[in-house]
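As stored in entry_3.cif (mmCIF, C-alpha atoms and all ligand atoms):
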```cif
data_structure
loop_
_atom_site.label_atom_id
_atom_site.label_comp_id
_atom_site.auth_asym_id
_atom_site.auth_seq_id
_atom_site.Cartn_x
_atom_site.Cartn_y
_atom_site.Cartn_z
CA MET A 7 16.39 30.60 26.97
CA LEU A 8 14.29 31.30 23.96
CA SER A 9 13.15 34.83 23.45
CA ILE A 10 10.13 36.01 21.57
CA GLU A 11 10.72 39.43 20.14
CA SER A 12 7.12 40.34 19.78
CA SER A 13 7.81 43.91 18.79
CA PHE A 14 9.73 42.63 15.78
CA SER A 15 7.77 42.58 12.60
CA LEU A 16 8.96 42.23 9.01
CA SER A 17 7.38 43.97 6.12
CA GLN A 18 4.98 41.55 4.46
CA THR A 19 5.10 43.13 1.04
CA ASP A 20 7.05 40.28 -0.54
CA MET A 21 5.27 37.57 1.46
CA GLN A 22 3.09 35.13 -0.42
CA PRO A 23 -0.02 34.51 1.69
CA THR A 24 0.01 30.81 0.85
CA ASN A 25 3.47 29.92 2.17
CA ARG A 26 3.06 26.74 4.13
CA VAL A 27 5.41 25.50 6.83
CA LEU A 28 5.52 22.13 8.55
CA VAL A 29 6.89 22.39 12.09
CA VAL A 30 8.16 19.15 13.66
CA GLU A 31 9.15 19.70 17.28
CA ASP A 32 8.39 17.59 20.36
CA GLU A 33 9.06 20.25 22.99
CA ASP A 34 5.67 21.88 23.45
CA LEU A 35 6.98 25.28 24.48
CA ILE A 36 9.38 25.62 21.56
CA ARG A 37 6.82 24.28 19.08
CA GLU A 38 4.21 26.76 20.27
CA MET A 39 6.63 29.68 20.11
CA VAL A 40 7.76 28.73 16.61
CA VAL A 41 4.17 28.34 15.42
CA LEU A 42 3.22 31.68 16.94
CA ALA A 43 6.19 33.52 15.44
CA LEU A 44 5.63 32.10 11.95
CA LYS A 45 1.87 32.64 12.08
CA GLU A 46 2.49 36.27 12.93
CA GLU A 47 4.46 36.52 9.71
CA GLY A 48 1.51 35.19 7.74
CA TYR A 49 2.64 31.60 7.22
CA GLN A 50 0.16 28.77 7.21
CA ILE A 51 1.40 26.26 9.78
CA THR A 52 1.00 22.54 10.34
CA ALA A 53 2.64 21.47 13.59
CA VAL A 54 3.38 17.96 14.83
CA ALA A 55 5.23 16.62 17.84
CA ASP A 56 6.97 13.50 16.59
CA GLY A 57 8.66 11.95 13.58
CA ASN A 58 5.92 9.41 12.92
CA GLN A 59 3.26 12.09 12.72
CA ALA A 60 5.45 14.01 10.30
CA LEU A 61 5.84 10.90 8.13
CA THR A 62 2.10 10.32 8.16
CA ILE A 63 1.46 13.84 6.93
CA LEU A 64 4.19 13.64 4.30
CA HIS A 65 2.85 10.30 3.03
CA ASP A 66 -0.79 11.28 3.10
CA PRO A 67 -2.22 10.55 -0.38
CA ASP A 68 -3.51 14.13 -0.51
CA THR A 69 0.04 15.42 -0.08
CA GLN A 70 1.59 12.98 -2.56
CA ASN A 71 0.86 14.94 -5.69
CA ALA A 72 3.50 16.81 -7.63
CA ASP A 73 2.92 20.04 -5.73
CA PHE A 74 4.48 19.37 -2.36
CA PRO A 75 2.16 21.07 0.11
CA PHE A 76 4.90 22.69 2.18
CA ASP A 77 7.30 25.46 1.30
CA LEU A 78 9.53 24.72 4.28
CA VAL A 79 9.99 22.09 6.98
CA VAL A 80 11.24 23.29 10.38
CA LEU A 81 12.67 20.12 11.85
CA ASP A 82 13.89 19.32 15.35
CA LEU A 83 16.63 16.68 15.41
CA MET A 84 15.85 14.80 18.60
CA LEU A 85 12.35 13.47 18.11
CA PRO A 86 10.39 10.48 19.38
CA HIS A 87 10.05 7.50 16.98
CA VAL A 88 11.73 8.85 13.86
CA ASN A 89 14.50 11.38 14.39
CA GLY A 90 15.00 14.50 12.33
CA LEU A 91 18.10 13.27 10.51
CA ASP A 92 16.34 10.13 9.28
CA LEU A 93 13.32 12.16 8.24
CA CYS A 94 15.52 14.55 6.33
CA ARG A 95 17.42 11.71 4.67
CA LEU A 96 14.17 10.02 3.69
CA LEU A 97 12.72 13.14 2.08
CA ARG A 98 15.86 13.69 0.02
CA HIS A 99 15.97 10.01 -0.86
CA GLN A 100 12.48 10.41 -2.28
CA GLY A 101 13.70 13.31 -4.38
CA ASN A 102 11.88 15.90 -2.31
CA HIS A 103 13.77 19.20 -2.33
CA VAL A 104 11.62 21.15 0.12
CA PRO A 105 13.82 23.54 2.13
CA ILE A 106 14.59 22.07 5.55
CA LEU A 107 15.62 24.18 8.54
CA ILE A 108 16.97 22.05 11.35
CA LEU A 109 16.54 23.01 14.99
CA SER A 110 18.91 21.35 17.36
CA ALA A 111 19.85 21.43 21.00
CA LYS A 112 23.25 20.17 19.98
CA SER A 113 25.74 22.80 19.04
CA SER A 114 28.66 20.60 18.03
CA GLU A 115 30.09 21.10 14.59
CA THR A 116 29.63 17.42 13.67
CA ASP A 117 25.87 17.61 14.18
CA ARG A 118 25.70 20.69 12.05
CA VAL A 119 27.75 19.08 9.31
CA LEU A 120 25.74 15.85 9.53
CA GLY A 121 22.50 17.79 9.22
CA LEU A 122 23.68 19.60 6.14
CA GLU A 123 25.10 16.38 4.70
CA VAL A 124 21.78 14.57 4.81
CA GLY A 125 20.31 17.43 2.83
CA ALA A 126 19.12 20.08 5.29
CA ASP A 127 19.45 23.64 3.99
CA ASP A 128 20.09 25.51 7.20
CA TYR A 129 20.62 24.93 10.88
CA LEU A 130 19.64 26.76 14.06
CA THR A 131 21.07 25.86 17.44
CA LYS A 132 18.85 26.18 20.48
CA PRO A 133 18.37 28.58 22.08
CA PHE A 134 17.60 30.84 19.12
CA SER A 135 15.60 34.00 18.79
CA MET A 136 12.30 34.03 16.96
CA ARG A 137 13.64 36.93 14.95
CA GLU A 138 16.43 34.72 13.65
CA LEU A 139 14.00 31.89 12.90
CA VAL A 140 11.76 34.19 10.89
CA ALA A 141 14.68 35.67 8.98
CA ARG A 142 16.04 32.22 8.04
CA THR A 143 12.58 31.01 7.08
CA ARG A 144 12.07 33.92 4.73
CA ALA A 145 15.52 33.51 3.20
CA LEU A 146 15.08 29.77 2.59
CA ILE A 147 11.67 30.14 0.99
CA ARG A 148 12.84 32.99 -1.18
CA ARG A 149 15.90 31.04 -2.30
CA ALA A 150 13.78 28.00 -3.20
CA ARG A 151 11.46 30.22 -5.26
CA LEU A 152 14.38 31.67 -7.20
CA ASN A 153 15.83 28.22 -7.85
CA ALA A 154 12.46 26.91 -9.00
CA THR A 155 12.11 29.64 -11.59
CA VAL A 156 15.45 28.84 -13.22
CA GLU A 157 14.74 25.09 -13.47
CA PRO A 158 15.14 23.95 -17.07
CA ALA A 159 11.83 23.65 -18.85
CA VAL A 160 13.14 20.88 -21.08
CA LEU A 161 15.09 17.73 -20.21
CA GLN A 162 17.56 16.38 -22.72
CA PHE A 163 19.50 13.12 -22.83
CA GLY A 164 21.05 11.75 -26.00
CA HIS A 165 18.29 11.73 -28.59
CA LEU A 166 15.57 12.02 -25.95
CA THR A 167 13.85 15.34 -25.29
CA LEU A 168 11.24 15.60 -22.55
CA TYR A 169 8.94 18.59 -21.98
CA PRO A 170 7.75 18.31 -18.36
CA GLN A 171 5.08 21.00 -18.62
CA GLU A 172 3.60 19.61 -21.82
CA CYS A 173 3.98 15.89 -20.96
CA ARG A 174 5.63 15.31 -24.34
CA VAL A 175 8.64 13.27 -25.34
CA LEU A 176 10.57 13.36 -28.59
CA VAL A 177 12.67 10.33 -29.52
CA ARG A 178 15.14 11.07 -32.32
CA GLY A 179 12.96 14.04 -33.22
CA GLU A 180 9.73 12.06 -33.36
CA GLU A 181 6.83 12.26 -30.97
CA ALA A 182 6.67 9.24 -28.63
CA ASN A 183 3.33 8.09 -27.31
CA LEU A 184 4.01 7.33 -23.63
CA SER A 185 1.47 6.36 -20.99
CA PRO A 186 1.43 8.57 -17.85
CA LYS A 187 3.43 5.98 -15.87
CA GLU A 188 5.99 5.60 -18.65
CA PHE A 189 6.27 9.37 -18.89
CA ARG A 190 6.84 9.78 -15.17
CA LEU A 191 9.40 6.97 -15.14
CA LEU A 192 11.34 8.58 -17.97
CA GLU A 193 11.07 12.03 -16.38
CA LEU A 194 12.52 10.63 -13.14
CA PHE A 195 15.38 8.97 -15.01
CA MET A 196 16.08 12.13 -16.99
CA THR A 197 16.26 14.35 -13.92
CA SER A 198 19.17 12.21 -12.61
CA PRO A 199 21.00 10.55 -15.51
CA ARG A 200 23.19 7.58 -14.51
CA ARG A 201 21.66 7.42 -11.06
CA VAL A 202 20.69 3.82 -10.27
CA TRP A 203 17.12 3.36 -9.04
CA SER A 204 16.01 0.19 -7.29
CA ARG A 205 12.64 -1.30 -8.22
CA GLU A 206 11.36 -0.38 -4.75
CA GLN A 207 12.42 3.24 -5.17
CA LEU A 208 10.71 3.42 -8.54
CA LEU A 209 7.54 1.88 -7.10
CA ASP A 210 7.60 4.41 -4.29
CA ARG A 211 8.18 7.37 -6.55
CA ILE A 212 5.94 6.54 -9.49
CA TRP A 213 3.23 4.30 -8.05
CA GLY A 214 3.23 5.74 -4.53
CA ILE A 215 3.70 4.28 -1.11
CA ASP A 216 0.22 2.71 -1.01
CA PHE A 217 0.71 0.70 -4.19
CA VAL A 218 -0.21 -2.95 -3.71
CA GLY A 219 1.66 -5.21 -6.08
CA ASP A 220 5.21 -6.28 -6.69
CA SER A 221 8.33 -5.02 -8.35
CA LYS A 222 7.55 -7.02 -11.53
CA THR A 223 5.25 -4.09 -12.36
CA VAL A 224 8.37 -1.95 -12.74
CA ASP A 225 10.02 -4.48 -15.08
CA VAL A 226 6.93 -4.58 -17.28
CA HIS A 227 6.81 -0.78 -17.60
CA ILE A 228 10.54 -0.64 -18.29
CA ARG A 229 10.04 -3.13 -21.11
CA TRP A 230 7.24 -1.01 -22.62
CA LEU A 231 9.34 2.13 -22.23
CA ARG A 232 12.28 0.48 -24.02
CA GLU A 233 10.05 -0.54 -26.89
CA LYS A 234 9.18 3.12 -27.38
CA LEU A 235 12.65 4.62 -26.84
CA GLU A 236 15.27 2.16 -27.93
CA ARG A 237 16.45 1.43 -31.43
CA ASP A 238 16.93 -2.20 -30.33
CA PRO A 239 14.96 -2.91 -27.10
CA SER A 240 16.98 -6.09 -26.45
CA HIS A 241 20.21 -4.06 -26.45
CA PRO A 242 19.08 -0.86 -24.72
CA GLU A 243 21.26 2.25 -24.92
CA TYR A 244 19.05 4.40 -22.67
CA ILE A 245 17.34 2.40 -19.92
CA ILE A 246 20.12 0.16 -18.63
CA THR A 247 19.65 -2.79 -16.26
CA VAL A 248 22.10 -2.72 -13.35
CA ARG A 249 22.16 -6.32 -12.15
CA GLY A 250 21.29 -6.75 -8.50
CA PHE A 251 20.39 -3.05 -8.14
CA GLY A 252 17.81 -1.82 -10.60
CA TYR A 253 17.83 0.55 -13.56
CA ARG A 254 19.53 3.71 -14.69
CA LEU A 255 19.47 6.08 -17.63
CA GLY A 256 22.62 5.93 -19.77
CA CA B 1 13.44 17.39 20.67
#
```
Give the structure from the file, written as structure tokens.
Ligand code: CA
Amino acid sequence: MLSIESSFSLSQTDMQPTNRVLVVEDEDLIREMVVLALKEEGYQITAVADGNQALTILHDPDTQNADFPFDLVVLDLMLPHVNGLDLCRLLRHQGNHVPILILSAKSSETDRVLGLEVGADDYLTKPFSMRELVARTRALIRRARLNATVEPAVLQFGHLTLYPQECRVLVRGEEANLSPKEFRLLELFMTSPRRVWSREQLLDRIWGIDFVGDSKTVDVHIRWLREKLERDPSHPEYIITVRGFGYRLG
């Protein structure tokens, strides 16, 4: 059985009041206990009961901007419609690195490993104590904060230098004049050199899930980007076409 240790209270001195947690759990009792425990710690909670609702929230245009609205996702594995593993996989596939804490009724090692393999950060097996949940939540959010502060401020690849904060790109030492879409495309490529991106993935990531149009849009922007980056756009050395798959950097 789950236990709420109501007498337990952590010092809130290093708590940021704006930490936001998305709780995805279909068992009402557990969801309510988790929400209660995290609210008591000062977290701002959004709670949903199935995978589809979670997807709707995560794909809401208001939550699509660069600042992901949640600092942590507490995710049950067995969910109606879209299960926790698929949800986790999808978020990572979209390049979203929000900390994910999986809750699972299954205690087998393979489920744990599978959860961590699809990109979850931590794993709690039911039944768990609220004290443990709170402690893991705090640790995951703190770790993400530390990682975020050591992220490189400048991206470098070959003779390309990209300054994410300043929205500037230098090509062979000279300022390149990129449109916002071209900039975001290049930034995405530069965060994962040699990773192959399909046109659909690029549409999703740069134009957003609600974009109406076709993948030719991607090709057109790639052509423009090449004209600004490449010495010889017809023999690109940076943005490479991977036939049948898409594009990659380098
Ligand atoms: Ca469940």
Under the rule of at most 12 Å, produce a per-residue listing of chain A near ligand CA 1 (chain B): chain, number, name, the closest pair of atoms, and the distance in Å, as JSON lines, using only C-alpha atoms and all ligand atoms.
```
{"residue": "A:Val29", "atom": "CA", "partner": "B:CA1", "partner_atom": "CA", "distance": 11.9}
{"residue": "A:Val30", "atom": "CA", "partner": "B:CA1", "partner_atom": "CA", "distance": 9.0}
{"residue": "A:Glu31", "atom": "CA", "partner": "B:CA1", "partner_atom": "CA", "distance": 5.9}
{"residue": "A:Asp32", "atom": "CA", "partner": "B:CA1", "partner_atom": "CA", "distance": 5.1}
{"residue": "A:Glu33", "atom": "CA", "partner": "B:CA1", "partner_atom": "CA", "distance": 5.7}
{"residue": "A:Asp34", "atom": "CA", "partner": "B:CA1", "partner_atom": "CA", "distance": 9.4}
{"residue": "A:Leu35", "atom": "CA", "partner": "B:CA1", "partner_atom": "CA", "distance": 10.9}
{"residue": "A:Ile36", "atom": "CA", "partner": "B:CA1", "partner_atom": "CA", "distance": 9.2}
{"residue": "A:Arg37", "atom": "CA", "partner": "B:CA1", "partner_atom": "CA", "distance": 9.7}
{"residue": "A:Val54", "atom": "CA", "partner": "B:CA1", "partner_atom": "CA", "distance": 11.6}
{"residue": "A:Ala55", "atom": "CA", "partner": "B:CA1", "partner_atom": "CA", "distance": 8.7}
{"residue": "A:Asp56", "atom": "CA", "partner": "B:CA1", "partner_atom": "CA", "distance": 8.6}
{"residue": "A:Gly57", "atom": "CA", "partner": "B:CA1", "partner_atom": "CA", "distance": 10.1}
{"residue": "A:Leu81", "atom": "CA", "partner": "B:CA1", "partner_atom": "CA", "distance": 9.3}
{"residue": "A:Asp82", "atom": "CA", "partner": "B:CA1", "partner_atom": "CA", "distance": 5.7}
{"residue": "A:Leu83", "atom": "CA", "partner": "B:CA1", "partner_atom": "CA", "distance": 6.2}
{"residue": "A:Met84", "atom": "CA", "partner": "B:CA1", "partner_atom": "CA", "distance": 4.1}
{"residue": "A:Leu85", "atom": "CA", "partner": "B:CA1", "partner_atom": "CA", "distance": 4.8}
{"residue": "A:Pro86", "atom": "CA", "partner": "B:CA1", "partner_atom": "CA", "distance": 7.7}
{"residue": "A:His87", "atom": "CA", "partner": "B:CA1", "partner_atom": "CA", "distance": 11.1}
{"residue": "A:Val88", "atom": "CA", "partner": "B:CA1", "partner_atom": "CA", "distance": 11.1}
{"residue": "A:Asn89", "atom": "CA", "partner": "B:CA1", "partner_atom": "CA", "distance": 8.8}
{"residue": "A:Gly90", "atom": "CA", "partner": "B:CA1", "partner_atom": "CA", "distance": 9.0}
{"residue": "A:Leu91", "atom": "CA", "partner": "B:CA1", "partner_atom": "CA", "distance": 11.9}
{"residue": "A:Ile108", "atom": "CA", "partner": "B:CA1", "partner_atom": "CA", "distance": 11.0}
{"residue": "A:Leu109", "atom": "CA", "partner": "B:CA1", "partner_atom": "CA", "distance": 8.6}
{"residue": "A:Ser110", "atom": "CA", "partner": "B:CA1", "partner_atom": "CA", "distance": 7.5}
{"residue": "A:Ala111", "atom": "CA", "partner": "B:CA1", "partner_atom": "CA", "distance": 7.6}
{"residue": "A:Lys112", "atom": "CA", "partner": "B:CA1", "partner_atom": "CA", "distance": 10.2}
{"residue": "A:Thr131", "atom": "CA", "partner": "B:CA1", "partner_atom": "CA", "distance": 11.8}
{"residue": "A:Lys132", "atom": "CA", "partner": "B:CA1", "partner_atom": "CA", "distance": 10.3}
```
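The smallest atom-to-atom distance between Ile106 of chain A and any of A:Val27, A:Ile51, A:Cys173, A:Ile212, using only C-alpha atoms, is found for A:Val27.
By chain and then residue number, the residues within 8 Å of Ile147 of chain A are Asp77, Leu78, Pro105, Thr143, Arg144, Ala150 and Arg151 of chain A, counting all atoms listed in the file and disregarding those fewer than 3 positions away in sequence.
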- request: For segment 207-211 of chain A, list every protein, DNA or RNA residue within 12 Å, evaluated using only C-alpha atoms, and leave out those in the same chain fewer than 4 positions away; present the list as a PyMOL selection string.
  value: chain A and resi 65+70-72+96-102+187-188+190-195+201-203+215-225+227-228+251-254
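Minimum atom-to-atom distances from A:Leu235, A:Ala141, A:Ala154, A:Val226 to Gly179 of chain A were compared using only C-alpha atoms, and the lowest value belongs to A:Leu235.
Every protein, DNA or RNA residue with an atom at most 12 Å from Lys234 of chain A, where all atoms listed in the file count and chain neighbours fewer than 2 positions away do not, is listed here: Leu166, Val175, Leu176, Val177, Arg178, Glu180, Glu181, Ala182, Asn183, Leu184, Ser185, Glu188, Phe189, Leu192, His227, Ile228, Arg229, Trp230, Leu231, Arg232, Glu236, Arg237, Asp238, Pro239, Pro242, Tyr244 and Ile245 of chain A.
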message: Would you compute the distance between atom CA of Ala126 of chain A and atom CA of Leu107 of chain A? Give it in Å to one decimal.
response: 6.3 Å
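Across A:Leu120, A:Ala60, A:Ala159, A:Met196, the tightest approach to Leu93 of chain A is made by A:Ala60 when counting only C-alpha atoms.
One finds atom CA of Asp92 of chain A at 14.5 Å from atom CA of Val119 of chain A.
The two atoms in question, atom CA of Leu61 of chain A and atom CA of Leu139 of chain A, are spaced 23.0 Å apart.
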Would you compute, for all listed atoms of segment 219-225 of chain A, the axis-aligned bounding box grown by 3 Å on each side, and then report its centre and edge lengths in Å rounded to one decimal, as JSON?
```
{"center_x": 5.8, "center_y": -4.5, "center_z": -10.6, "size_x": 14.4, "size_y": 11.1, "size_z": 15.0}
```
Among listed residues A:Arg118, A:Val248, A:Gln162, A:Ile63, nearest Ser198 of chain A (using only C-alpha atoms): A:Gln162
